[in-house]
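A.B. asks: To be precise about what I am sending: the file is called protein.txt and holds compact mmCIF, C-alpha atoms.
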# COMPACT_ATOMS: atom_id res chain seq x y z
CA MET A 1 3.32 15.28 14.11
CA TYR A 2 6.42 13.46 12.97
CA PHE A 3 8.80 12.02 15.55
CA THR A 4 11.99 13.93 16.32
CA LYS A 5 15.21 13.06 18.14
CA ASN A 6 14.43 15.14 21.23
CA MET A 7 11.18 13.35 22.01
CA LYS A 8 11.15 10.84 24.83
CA LEU A 9 11.38 7.35 23.35
CA ALA A 10 8.60 6.26 25.69
CA ASP A 11 6.29 8.92 24.19
CA VAL A 12 7.08 7.67 20.70
CA LEU A 13 6.07 4.14 21.70
CA LEU A 14 2.92 5.34 23.43
CA ALA A 15 1.98 7.24 20.27
CA ASN A 16 2.28 4.05 18.23
CA HIS A 17 2.59 0.85 20.21
CA SER A 18 3.45 -1.20 17.10
CA LEU A 19 6.85 0.46 17.19
CA VAL A 20 7.76 -1.88 20.01
CA LEU A 21 8.51 -4.34 17.17
CA MET A 22 11.02 -1.84 15.78
CA LEU A 23 13.00 -1.81 18.99
CA GLN A 24 13.55 -5.56 18.76
CA ARG A 25 14.91 -5.20 15.25
CA PHE A 26 17.32 -2.51 16.38
CA ASN A 27 18.27 -4.55 19.44
CA ILE A 28 17.10 -1.83 21.77
CA PRO A 29 15.68 -3.30 25.00
CA LEU A 30 12.79 -1.74 26.94
CA GLY A 31 13.42 -0.05 30.29
CA PHE A 32 14.96 3.16 28.98
CA GLY A 33 13.29 5.45 31.52
CA GLU A 34 12.88 9.08 30.48
CA LYS A 35 15.66 9.06 27.87
CA THR A 36 15.15 10.77 24.54
CA VAL A 37 15.29 9.02 21.18
CA ALA A 38 18.75 10.50 20.56
CA GLU A 39 20.10 9.32 23.92
CA VAL A 40 18.84 5.76 23.57
CA CYS A 41 20.10 5.54 19.99
CA ALA A 42 23.56 6.76 21.02
CA GLN A 43 23.65 4.27 23.88
CA HIS A 44 22.89 1.34 21.56
CA LYS A 45 24.96 2.63 18.63
CA VAL A 46 21.96 3.03 16.34
CA ASP A 47 21.97 5.88 13.83
CA CYS A 48 19.32 8.23 15.18
CA ALA A 49 18.24 9.76 11.84
CA PHE A 50 17.81 6.29 10.40
CA PHE A 51 15.83 5.12 13.42
CA LEU A 52 13.49 8.11 13.12
CA LEU A 53 13.08 7.55 9.39
CA ILE A 54 11.86 4.01 10.03
CA CYS A 55 9.58 5.07 12.90
CA ASN A 56 8.03 7.84 10.83
CA VAL A 57 7.39 5.72 7.75
CA TYR A 58 6.01 3.03 10.03
CA THR A 59 3.62 5.39 11.78
CA HIS A 60 2.56 8.17 9.43
CA ASP A 61 0.92 7.03 6.23
CA ASP A 62 1.44 10.40 4.60
CA TYR A 63 5.13 10.57 5.47
CA LEU A 64 7.37 10.60 2.40
CA PRO A 65 11.04 11.43 3.00
CA THR A 66 12.58 13.84 0.51
CA GLU A 67 15.66 12.97 -1.49
CA ALA A 68 17.65 15.41 0.63
CA GLU A 69 16.57 13.68 3.84
CA LEU A 70 17.48 10.29 2.44
CA ASP A 71 20.83 11.63 1.30
CA ALA A 72 21.61 13.01 4.73
CA THR A 73 20.87 9.76 6.56
CA ASP A 74 23.35 6.98 7.29
CA MET A 75 21.65 3.97 5.73
CA SER A 76 24.24 1.34 6.50
CA GLY A 77 21.82 -0.33 8.94
CA LEU A 78 18.98 -0.67 6.44
CA VAL A 79 19.76 -4.12 5.07
CA ASN A 80 20.32 -5.48 8.54
CA TYR A 81 17.03 -4.02 9.67
CA LEU A 82 15.17 -5.68 6.80
CA VAL A 83 16.83 -9.05 7.44
CA GLU A 84 15.87 -8.84 11.11
CA SER A 85 12.27 -8.19 10.04
CA HIS A 86 12.29 -11.20 7.71
CA GLN A 87 13.54 -13.39 10.56
CA TYR A 88 10.75 -12.18 12.80
CA TYR A 89 8.10 -13.03 10.20
CA LEU A 90 9.53 -16.43 9.30
CA VAL A 91 10.59 -17.66 12.70
CA GLU A 92 7.96 -16.13 14.96
CA ARG A 93 4.80 -14.78 13.34
CA ILE A 94 4.06 -17.17 10.51
CA PRO A 95 4.61 -20.36 12.56
CA HIS A 96 2.43 -18.84 15.29
CA ILE A 97 -0.39 -18.17 12.82
CA GLU A 98 0.07 -21.63 11.36
CA ARG A 99 -0.43 -23.26 14.77
CA HIS A 100 -3.70 -21.36 15.20
CA LEU A 101 -4.84 -22.29 11.73
CA ASN A 102 -3.98 -25.95 12.24
CA ARG A 103 -6.22 -26.11 15.29
CA ILE A 104 -9.06 -24.47 13.38
CA ALA A 105 -8.55 -26.70 10.34
CA ASP A 106 -8.68 -29.78 12.59
CA ALA A 107 -12.23 -28.80 13.51
CA CYS A 108 -13.30 -28.52 9.86
CA LYS A 109 -14.56 -31.13 7.43
CA GLN A 110 -11.69 -33.09 5.90
CA GLU A 111 -11.94 -31.47 2.46
CA HIS A 112 -12.09 -27.99 3.93
CA LYS A 113 -9.12 -28.79 6.12
CA THR A 114 -7.09 -29.92 3.13
CA ILE A 115 -7.77 -26.79 1.10
CA LEU A 116 -7.18 -24.41 4.02
CA LEU A 117 -3.83 -25.95 4.88
CA ARG A 118 -2.81 -26.12 1.24
CA PHE A 119 -3.66 -22.45 0.87
CA PHE A 120 -1.51 -21.54 3.84
CA ASN A 121 1.36 -23.71 2.66
CA ASP A 122 1.31 -21.96 -0.71
CA TYR A 123 1.39 -18.67 1.11
CA LYS A 124 4.37 -19.71 3.20
CA THR A 125 6.27 -20.79 0.10
CA GLU A 126 5.49 -17.49 -1.58
CA VAL A 127 6.75 -15.48 1.39
CA TYR A 128 9.82 -17.63 1.67
CA HIS A 129 10.71 -17.11 -2.01
CA HIS A 130 10.04 -13.40 -1.74
CA PHE A 131 12.40 -13.01 1.19
CA SER A 132 15.12 -15.27 -0.19
CA TYR A 133 15.14 -13.36 -3.47
CA GLU A 134 15.74 -10.18 -1.49
CA GLU A 135 18.37 -11.75 0.73
CA GLU A 136 20.25 -13.61 -1.99
CA THR A 137 20.02 -11.12 -4.84
CA VAL A 138 18.99 -7.64 -3.79
CA PHE A 139 20.79 -7.22 -0.46
CA PRO A 140 24.20 -8.49 -1.65
CA TYR A 141 23.87 -6.11 -4.57
CA ILE A 142 23.31 -3.22 -2.16
CA GLN A 143 26.22 -4.31 0.04
CA GLY A 144 28.33 -4.29 -3.14
CA LEU A 145 27.24 -0.72 -3.90
CA HIS A 146 28.34 0.26 -0.39
CA HIS A 147 31.81 -0.96 -1.30
CA GLY A 148 31.75 0.89 -4.59
CA LEU A 149 31.06 -2.21 -6.69
CA LYS A 150 28.43 -1.98 -9.38
CA ASP A 151 27.07 -5.25 -10.71
CA SER A 152 26.48 -4.41 -14.36
CA LYS A 153 23.86 -7.13 -14.80
CA TYR A 154 21.50 -5.88 -12.10
CA CYS A 155 19.82 -2.65 -11.11
CA ILE A 156 17.21 -1.79 -8.52
CA ASN A 157 14.57 -1.17 -11.18
CA GLN A 158 14.43 -4.92 -11.68
CA PHE A 159 13.62 -5.28 -8.00
CA GLU A 160 10.90 -2.66 -8.30
CA GLU A 161 9.34 -4.55 -11.19
CA ASN A 162 9.56 -7.97 -9.55
CA HIS A 163 8.56 -6.86 -6.11
CA SER A 164 5.70 -9.28 -5.66
CA ASN A 165 2.90 -8.56 -3.32
CA ILE A 166 2.86 -10.90 -0.33
CA GLU A 167 -0.01 -9.18 1.42
CA ASP A 168 -2.78 -10.27 -0.96
CA LYS A 169 -3.05 -13.84 0.27
CA LEU A 170 -3.16 -12.75 3.91
CA GLY A 171 -6.05 -10.46 3.00
CA ASP A 172 -7.71 -13.40 1.28
CA LEU A 173 -7.27 -15.51 4.40
CA THR A 174 -8.81 -12.79 6.57
CA ASN A 175 -11.84 -12.60 4.29
CA ILE A 176 -12.22 -16.37 4.30
CA ILE A 177 -12.07 -16.55 8.09
CA ILE A 178 -14.45 -13.65 8.63
CA LYS A 179 -16.99 -14.43 5.97
CA TYR A 180 -16.87 -17.92 4.58
CA LEU A 181 -15.75 -20.43 7.19
CA PRO A 182 -18.89 -21.80 8.93
CA GLY A 183 -19.59 -19.73 12.06
CA ASP A 184 -19.65 -22.59 14.55
CA ILE A 185 -16.03 -23.58 14.02
CA MET A 186 -13.83 -22.56 16.98
CA PRO A 187 -15.14 -19.01 17.41
CA LYS A 188 -12.65 -17.94 20.08
CA GLU A 189 -9.63 -19.36 18.34
CA ARG A 190 -10.73 -17.60 15.17
CA VAL A 191 -10.93 -14.21 16.82
CA SER A 192 -7.41 -14.48 18.14
CA LEU A 193 -6.19 -15.79 14.77
CA MET A 194 -7.73 -12.75 13.14
CA PHE A 195 -5.91 -10.37 15.44
CA ASP A 196 -2.66 -12.16 14.66
CA ILE A 197 -3.29 -11.89 10.92
CA PHE A 198 -4.21 -8.21 11.15
CA GLN A 199 -1.05 -7.50 13.07
CA LEU A 200 1.14 -9.41 10.62
CA SER A 201 -0.48 -7.90 7.57
CA ASN A 202 -0.17 -4.41 9.02
CA ASP A 203 3.49 -5.07 9.74
CA LEU A 204 4.10 -6.49 6.25
CA ASN A 205 2.41 -3.45 4.73
CA LYS A 206 4.75 -1.15 6.59
CA HIS A 207 7.64 -3.38 5.62
CA SER A 208 6.82 -2.89 1.93
CA LEU A 209 6.40 0.84 2.49
CA ILE A 210 9.90 0.94 3.96
CA GLU A 211 11.20 -0.89 0.90
CA GLU A 212 9.34 1.38 -1.47
CA LYS A 213 9.84 4.72 0.26
CA ILE A 214 13.35 4.22 1.58
CA LEU A 215 15.18 1.25 0.08
CA ILE A 216 14.42 1.86 -3.60
CA PRO A 217 15.08 5.64 -3.67
CA TYR A 218 18.21 5.13 -1.57
CA VAL A 219 19.64 2.47 -3.88
CA GLU A 220 18.74 4.57 -6.92
CA SER A 221 20.79 7.41 -5.51
CA LEU A 222 23.71 5.03 -4.78
CA GLU A 223 23.53 3.82 -8.38
CA LYS A 224 23.64 7.38 -9.67
CA LYS A 225 26.75 8.15 -7.66
CA LEU A 226 28.76 5.25 -9.08
CA MET B 1 -21.06 11.79 2.40
CA GLY B 2 -17.68 12.47 4.04
CA LYS B 3 -15.53 15.52 3.53
CA ILE B 4 -14.06 16.17 0.10
CA ARG B 5 -10.38 15.23 0.19
CA ILE B 6 -8.03 17.69 -1.46
CA LEU B 7 -4.40 17.34 -2.45
CA LEU B 8 -2.86 20.81 -2.73
CA ILE B 9 0.31 21.21 -4.80
CA GLU B 10 1.70 24.69 -4.27
CA SER B 11 5.26 25.82 -3.60
CA SER B 12 4.50 28.95 -1.57
CA PRO B 13 3.79 28.16 2.10
CA ILE B 14 1.95 31.47 2.47
CA VAL B 15 -0.45 30.69 -0.32
CA ALA B 16 -0.74 26.99 0.57
CA GLN B 17 -1.53 27.56 4.24
CA GLY B 18 -3.85 30.46 3.48
CA LEU B 19 -5.79 28.40 0.98
CA GLN B 20 -5.86 25.40 3.30
CA ALA B 21 -7.28 27.47 6.14
CA LEU B 22 -9.89 29.03 3.87
CA ILE B 23 -10.95 25.69 2.39
CA GLN B 24 -11.20 23.97 5.75
CA SER B 25 -13.02 26.79 7.52
CA GLY B 26 -16.29 25.66 5.90
CA GLY B 27 -15.95 22.19 7.46
CA ARG B 28 -17.03 20.37 4.30
CA MET B 29 -13.60 19.90 2.78
CA GLU B 30 -10.24 18.80 3.99
CA VAL B 31 -6.76 19.38 2.58
CA VAL B 32 -5.32 15.90 3.17
CA ALA B 33 -1.82 16.86 2.10
CA VAL B 34 0.17 19.82 0.84
CA ALA B 35 3.00 19.06 -1.57
CA HIS B 36 5.47 21.75 -2.47
CA SER B 37 6.53 20.14 -5.73
CA LEU B 38 5.51 17.36 -8.08
CA GLU B 39 8.24 15.09 -6.74
CA ARG B 40 6.94 11.50 -6.37
CA ILE B 41 3.45 12.69 -7.17
CA GLN B 42 2.19 9.27 -8.25
CA GLU B 43 3.02 7.83 -4.85
CA ARG B 44 1.32 10.77 -3.16
CA LEU B 45 -1.87 10.13 -5.07
CA VAL B 46 -1.96 6.57 -3.81
CA LEU B 47 -1.02 7.54 -0.26
CA ASN B 48 -3.33 10.49 0.20
CA ASN B 49 -6.14 9.23 -2.03
CA PRO B 50 -7.62 12.69 -2.76
CA ASP B 51 -10.95 13.37 -4.52
CA VAL B 52 -9.51 16.40 -6.25
CA VAL B 53 -6.11 17.96 -6.92
CA ILE B 54 -5.41 21.69 -6.78
CA LEU B 55 -2.21 22.46 -8.64
CA ASN B 56 -0.24 25.62 -9.32
CA PRO B 57 0.56 25.33 -13.05
CA LEU B 58 3.87 27.11 -12.43
CA LEU B 59 5.16 23.86 -10.91
CA LEU B 60 4.79 22.02 -14.19
CA ASP B 61 7.85 21.56 -16.32
CA TYR B 62 7.36 24.01 -19.22
CA SER B 63 8.19 21.41 -21.85
CA LYS B 64 5.64 19.02 -20.40
CA ARG B 65 2.86 21.51 -19.74
CA LEU B 66 0.67 20.16 -22.52
CA ILE B 67 0.82 16.60 -21.28
CA PHE B 68 0.53 17.28 -17.54
CA ARG B 69 -2.27 14.76 -17.19
CA SER B 70 0.20 11.97 -17.82
CA LEU B 71 1.50 12.69 -14.30
CA PHE B 72 -1.89 11.55 -13.06
CA GLN B 73 -2.27 8.60 -15.40
CA ASP B 74 -2.92 6.13 -12.59
CA LYS B 75 -6.00 8.14 -11.69
CA PRO B 76 -7.30 9.23 -15.08
CA ASN B 77 -10.59 10.51 -13.65
CA MET B 78 -8.94 12.70 -11.02
CA PRO B 79 -10.31 16.24 -11.34
CA ILE B 80 -7.49 18.81 -11.44
CA LEU B 81 -8.04 22.47 -10.64
CA ALA B 82 -5.44 25.07 -11.60
CA LEU B 83 -4.51 27.56 -8.86
CA VAL B 84 -3.64 30.70 -10.75
CA TYR B 85 -2.02 33.92 -9.61
CA SER B 86 0.10 34.80 -12.60
CA TYR B 87 -0.58 34.96 -16.31
CA PHE B 88 -1.29 31.77 -18.22
CA ASP B 89 -2.56 31.14 -21.68
CA LYS B 90 -6.37 30.94 -21.40
CA GLN B 91 -6.65 28.17 -23.90
CA TRP B 92 -4.17 26.03 -22.03
CA LEU B 93 -5.95 26.62 -18.72
CA GLY B 94 -9.00 25.16 -20.47
CA SER B 95 -7.34 21.75 -20.29
CA PHE B 96 -7.78 21.78 -16.50
CA ASP B 97 -11.13 20.81 -14.98
CA GLY B 98 -11.44 24.27 -13.49
CA VAL B 99 -9.51 27.34 -12.42
CA ILE B 100 -9.20 28.78 -8.92
CA GLU B 101 -8.10 32.39 -8.83
CA ILE B 102 -6.28 34.10 -6.01
CA GLU B 103 -9.18 36.55 -5.64
CA ASP B 104 -11.78 33.81 -5.08
CA ASP B 105 -13.69 33.91 -1.81
CA ARG B 106 -14.70 30.83 0.14
CA PHE B 107 -18.12 30.60 -1.46
CA HIS B 108 -16.74 30.46 -5.02
CA LEU B 109 -13.91 28.19 -3.96
CA GLU B 110 -16.25 25.60 -2.47
CA LYS B 111 -18.58 25.83 -5.43
CA LYS B 112 -15.79 25.19 -7.93
CA ILE B 113 -14.39 22.27 -5.96
CA GLU B 114 -17.80 20.66 -5.45
CA GLU B 115 -18.66 21.02 -9.11
CA VAL B 116 -15.59 19.20 -10.39
CA VAL B 117 -15.86 16.47 -7.73
CA SER B 118 -19.52 15.72 -8.45
CA ALA B 119 -18.84 15.76 -12.20
CA ALA B 120 -16.06 13.22 -11.67
CA ASN B 121 -18.28 11.05 -9.45
CA GLY B 122 -20.97 11.05 -12.12
CA ARG B 123 -18.48 9.29 -14.36
CA ASN B 124 -18.14 6.21 -12.20
CA ASP B 125 -21.14 6.12 -9.90
CA ASN B 126 -23.30 3.04 -9.86
CA LEU B 127 -25.47 1.21 -7.41
CA GLU B 128 -23.63 -1.18 -5.10
CA VAL B 129 -24.59 -4.86 -5.35
CA TYR B 130 -22.84 -7.32 -3.05
CA GLU B 131 -24.02 -10.76 -4.12
CA LEU B 132 -22.18 -12.46 -6.97
CA SER B 133 -24.18 -12.69 -10.20
CA ASP B 134 -24.54 -16.07 -11.93
CA ARG B 135 -22.01 -15.07 -14.54
CA GLU B 136 -19.52 -13.89 -11.92
CA ARG B 137 -19.93 -17.20 -10.14
CA GLU B 138 -19.10 -19.04 -13.36
CA VAL B 139 -16.01 -16.93 -13.89
CA LEU B 140 -14.98 -17.43 -10.26
CA ILE B 141 -15.16 -21.22 -10.66
CA GLU B 142 -12.81 -21.09 -13.65
CA LEU B 143 -10.44 -18.71 -11.86
CA ALA B 144 -10.40 -21.06 -8.89
CA LYS B 145 -9.42 -23.89 -11.20
CA GLY B 146 -6.43 -21.79 -12.23
CA LEU B 147 -7.54 -20.81 -15.73
CA MET B 148 -6.15 -17.65 -17.33
CA ASN B 149 -8.39 -14.79 -18.52
CA LYS B 150 -7.89 -15.85 -22.13
CA GLU B 151 -8.91 -19.44 -21.45
CA ILE B 152 -11.97 -18.36 -19.50
CA ALA B 153 -13.04 -16.03 -22.29
CA ALA B 154 -12.85 -18.90 -24.79
CA LYS B 155 -14.63 -21.37 -22.53
CA LEU B 156 -17.53 -19.07 -21.64
CA HIS B 157 -17.73 -17.42 -25.08
CA ILE B 158 -17.19 -13.92 -23.77
CA SER B 159 -14.49 -11.31 -24.48
CA ILE B 160 -11.35 -11.01 -22.38
CA HIS B 161 -12.45 -7.52 -21.47
CA THR B 162 -15.66 -8.93 -20.00
CA VAL B 163 -13.70 -11.52 -18.03
CA VAL B 164 -11.55 -8.73 -16.58
CA THR B 165 -14.65 -6.78 -15.57
CA HIS B 166 -16.20 -9.84 -13.89
CA ARG B 167 -12.92 -10.47 -12.17
CA LYS B 168 -12.78 -6.94 -10.75
CA ASN B 169 -16.32 -7.32 -9.45
CA ILE B 170 -15.50 -10.66 -7.85
CA VAL B 171 -12.54 -9.13 -6.02
CA ARG B 172 -14.61 -6.15 -4.94
CA LYS B 173 -17.44 -8.30 -3.60
CA THR B 174 -15.53 -11.15 -1.96
CA GLY B 175 -12.36 -9.27 -0.99
CA ILE B 176 -10.37 -12.25 -2.32
CA LYS B 177 -7.65 -11.54 -4.87
CA SER B 178 -5.61 -14.70 -5.45
CA ALA B 179 -6.70 -17.73 -7.46
CA ALA B 180 -5.73 -19.90 -4.49
CA GLY B 181 -8.01 -17.82 -2.24
CA LEU B 182 -10.86 -18.12 -4.74
CA ALA B 183 -10.36 -21.88 -4.75
CA VAL B 184 -10.90 -21.93 -0.98
CA TYR B 185 -13.98 -19.76 -1.44
CA ALA B 186 -15.38 -22.02 -4.14
CA LEU B 187 -14.88 -25.12 -2.02
CA LEU B 188 -16.34 -23.64 1.16
CA ASN B 189 -19.38 -22.49 -0.82
CA ASN B 190 -19.81 -25.83 -2.58
CA LEU B 191 -19.22 -24.32 -6.02
CA LEU B 192 -16.48 -26.88 -6.59
CA GLU B 193 -15.33 -30.19 -5.26
CA GLU B 194 -11.83 -31.04 -4.25
CA ARG B 195 -11.23 -33.24 -7.27
CA ASP B 196 -12.01 -30.29 -9.59
CA LEU B 197 -8.92 -28.61 -8.18
CA GLU B 198 -6.53 -31.48 -8.83
CA THR B 199 -5.38 -29.79 -12.03
CA VAL B 200 -4.41 -26.63 -10.13
CA TYR B 201 -2.24 -28.45 -7.67
CA GLY B 202 -1.04 -31.19 -9.99
CA GLY B 203 -3.00 -33.97 -8.24
Translate the structure described by the file into structure tokens.

C.D. replies:
Amino acid sequence: MYFTKNMKLADVLLANHSLVLMLQRFNIPLGFGEKTVAEVCAQHKVDCAFFLLICNVYTHDDYLPTEAELDATDMSGLVNYLVESHQYYLVERIPHIERHLNRIADACKQEHKTILLRFFNDYKTEVYHHFSYEEETVFPYIQGLHHGLKDSKYCINQFEENHSNIEDKLGDLTNIIIKYLPGDIMPKERVSLMFDIFQLSNDLNKHSLIEEKILIPYVESLEKKL
Amino acid sequence: MGKIRILLIESSPIVAQGLQALIQSGGRMEVVAVAHSLERIQERLVLNNPDVVILNPLLLDYSKRLIFRSLFQDKPNMPILALVYSYFDKQWLGSFDGVIEIEDDRFHLEKKIEEVVSAANGRNDNLEVYELSDREREVLIELAKGLMNKEIAAKLHISIHTVVTHRKNIVRKTGIKSAAGLAVYALLNNLLEERDLETVYGG
């Protein structure tokens, strides 16, 4: 069942605990008692329809908003939401995973250590470029559209075509840690690293879904209107 | 074998829900999603990953009715059943994998669905092998070094098409997609030494 504005926010979180990450990005603190989604959103000046859209895409794999739903939602918070997510990945999650990986790499043979760390560095660079392209090119373009400005040299189709996949390498890393790193190397540390990677890769997956299911169709409709 | 996954594309809620209930009452099949139009159908196919599509031909754009399979081009082997309760040209209906009629009972419905699904599976069924073959290992080493498909084909004297096939199998078996990931694999499994990778990373 999809989430609606009259549900208790606490019930929404209990249905999908990963949504606790959403709250951070909307600057909604915990401790909201029995309040409904609509009440909490109003209190923190978050557009309720937009909040629900994100929660539903994040939770229900089969959820695909219709054009009419997208049209009826105030999307002015979308770019900010995505930037907040980027910050969370870059400042919190990826450095956290890197610290784990460093400890594991230290326990490996020198040549294995070198290749593992190089792999992760490449990954970091890739993610960084991916996000900065969005923040420096795509998001300003969308902000322009909000103000009725259409950059004639750019359109969202280009973004769709260049939208590189930053989940592949994380998947590769998971496979390497599960299957190919010798079993005696820091078993406990590896288990907790794996949970961290799963969580990040799940979150990144949802992040791309939000870009594909919400951002792209929304910007396409803005482009049509201008 | 798990339940057969069905994507139902039908605009009438009465028909859609009736058919869904009938299909699911046998317990062997599941309607994983009901779409009321063909809007964003390619995304749906990826999301819902059905084994078979049941589609009311009325929802197809008349001008595109002859090329409706292009809507499903990402899944060219997807069996598509027409759900028919008004008149259509018989010959055209022949371009579907099968036809479900509004009068069908559960027995015939299940039979038709199972037939098209097993026919489609026959097209791409083969025995699962998990270990890399010698040839795949050779291709993996070159991929890990950062070579392109074309270069690998030339070096190993095989066609590009064959390289692509090996590559798909390598990804399926190891779960590793990127060249950088394959380089880590190759090193951990002693297929390569660090100095072999200098070219990839520019020394």

A.B. asks: Select all residues near (-13.8, 26.6, -2.6) (cut-off 10 Å, inclusive, file coordinates), counting only C-alpha atoms, and output them as a list in words.

C.D. replies: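 Residues close enough to count: Leu19, Gln20, Leu22, Ile23, Gln24, Gly26, Arg28, Met29, Ile100, Asp104, Asp105, Arg106, Phe107, His108, Leu109, Glu110, Lys111, Lys112, Ile113, Glu114 and Glu115 of chain B.
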
A.B. asks: Select residues of chain A: the criterion is any atom within 12 Å of an atom of chain B, counting all atoms listed in the file; output as a ChimeraX atom specification.

C.D. replies: /A:57,60-68,108-123,126,165-182,209,212-213,217

A.B. asks: Can you tell me, as a PyMOL selection string, what residues are no more than 9 Å from region 41-49 of chain A when counting all atoms listed in the file, ignoring any on the same chain fewer than 3 positions away?

C.D. replies: chain A and resi 4-5+26-28+36-38+52-54+72-77

A.B. asks: Can you list, as an NGL selection string, every protein, DNA or RNA residue that comes within 9 Å of Leu93 (chain B) when you count all atoms listed in the file, leaving out same-chain residues fewer than 5 positions away?

C.D. replies: :B and (57 or 82 or 88 or 98-99)

A.B. asks: I need the chosen residues saved as a PDB file, keeping the file's coordinate frame, with C-alpha atoms.

C.D. replies:
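result_28.pdb was written with the following content:
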ATOM      1  CA  PRO B  57       0.560  25.330 -13.050  1.00  0.00           C
ATOM      2  CA  ALA B  82      -5.440  25.070 -11.600  1.00  0.00           C
ATOM      3  CA  PHE B  88      -1.290  31.770 -18.220  1.00  0.00           C
ATOM      4  CA  GLY B  98     -11.440  24.270 -13.490  1.00  0.00           C
ATOM      5  CA  VAL B  99      -9.510  27.340 -12.420  1.00  0.00           C
TER       6      VAL B  99
END

A.B. asks: Interatomic distance between CA of Leu222 (chain A) and CA of Lys150 (chain A)?

C.D. replies: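 Atom-to-atom, CA of Leu222 (chain A) to CA of Lys150 (chain A), that is 9.6 Å.
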
A.B. asks: May I ask for the distance between CA of His163 (chain A) and CA of Asn205 (chain A), given in Å to one decimal place?

C.D. replies: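 That distance, rounded to one decimal, is 12.9 Å.
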
A.B. asks: Could you check how far CA of Gly2 (chain B) sits from CA of Val31 (chain B), in Å to one decimal?

C.D. replies: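 So the two atoms, CA of Gly2 (chain B) and CA of Val31 (chain B), lie 13.0 Å apart.
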
A.B. asks: So that I can see what lies close to Ile197 (chain A), please list as a list in words the residues with an atom at most 8 Å from it, counting only C-alpha atoms and leaving out residues fewer than 2 positions away in the same chain.

C.D. replies: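 Here the answer would be Ile97, Leu170, Thr174, Leu193, Met194, Phe195, Gln199, Leu200 and Ser201 of chain A.
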
A.B. asks: Could you tell me which of A:Pro187, A:Lys206, A:Glu135, A:Met7 comes closest to Leu21 (chain A) if we count only C-alpha atoms?

C.D. replies: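 Checking each candidate against Leu21 (chain A), we get A:Lys206 as the closest.
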
A.B. asks: Find the residues around Leu58 (chain B) up to 10 Å (all atoms listed in the file counted), leave out those fewer than 6 positions away in its own chain, and share them as a tab-separated table (two decimals) with C-alpha atoms, in the coordinates of the input.

C.D. replies:
chain	number	residue	atom	x	y	z
B	10	GLU	CA	1.70	24.69	-4.27
B	11	SER	CA	5.26	25.82	-3.60
B	65	ARG	CA	2.86	21.51	-19.74
B	82	ALA	CA	-5.44	25.07	-11.60
B	83	LEU	CA	-4.51	27.56	-8.86
B	84	VAL	CA	-3.64	30.70	-10.75
B	85	TYR	CA	-2.02	33.92	-9.61
B	86	SER	CA	0.10	34.80	-12.60
B	87	TYR	CA	-0.58	34.96	-16.31
B	88	PHE	CA	-1.29	31.77	-18.22

A.B. asks: For Tyr218 (chain A), which residue out of A:Glu34, A:Asp11, A:Glu69, A:Glu39 is the nearest one, using all atoms listed in the file?

C.D. replies: A:Glu69

A.B. asks: Quick one: residues within 12 Å of region 155-164 of chain B, all atoms listed in the file, excluding same-chain residues fewer than 2 positions away - as a PDB file with C-alpha atoms, keeping the file's coordinate frame?

C.D. replies:
ATOM      1  CA  ARG B 135     -22.010 -15.070 -14.540  1.00  0.00           C
ATOM      2  CA  GLU B 136     -19.520 -13.890 -11.920  1.00  0.00           C
ATOM      3  CA  ARG B 137     -19.930 -17.200 -10.140  1.00  0.00           C
ATOM      4  CA  GLU B 138     -19.100 -19.040 -13.360  1.00  0.00           C
ATOM      5  CA  VAL B 139     -16.010 -16.930 -13.890  1.00  0.00           C
ATOM      6  CA  LEU B 140     -14.980 -17.430 -10.260  1.00  0.00           C
ATOM      7  CA  ILE B 141     -15.160 -21.220 -10.660  1.00  0.00           C
ATOM      8  CA  GLU B 142     -12.810 -21.090 -13.650  1.00  0.00           C
ATOM      9  CA  LEU B 143     -10.440 -18.710 -11.860  1.00  0.00           C
ATOM     10  CA  LEU B 147      -7.540 -20.810 -15.730  1.00  0.00           C
ATOM     11  CA  MET B 148      -6.150 -17.650 -17.330  1.00  0.00           C
ATOM     12  CA  ASN B 149      -8.390 -14.790 -18.520  1.00  0.00           C
ATOM     13  CA  LYS B 150      -7.890 -15.850 -22.130  1.00  0.00           C
ATOM     14  CA  GLU B 151      -8.910 -19.440 -21.450  1.00  0.00           C
ATOM     15  CA  ILE B 152     -11.970 -18.360 -19.500  1.00  0.00           C
ATOM     16  CA  ALA B 153     -13.040 -16.030 -22.290  1.00  0.00           C
ATOM     17  CA  HIS B 166     -16.200  -9.840 -13.890  1.00  0.00           C
ATOM     18  CA  ARG B 167     -12.920 -10.470 -12.170  1.00  0.00           C
ATOM     19  CA  LYS B 168     -12.780  -6.940 -10.750  1.00  0.00           C
ATOM     20  CA  ASN B 169     -16.320  -7.320  -9.450  1.00  0.00           C
ATOM     21  CA  ILE B 170     -15.500 -10.660  -7.850  1.00  0.00           C
ATOM     22  CA  VAL B 171     -12.540  -9.130  -6.020  1.00  0.00           C
TER      23      VAL B 171
END

A.B. asks: Considering all atoms listed in the file, can you say which of A:Tyr154, A:Leu215, A:Ser85, A:Leu9 comes closest to Gln24 (chain A)?

C.D. replies: A:Ser85
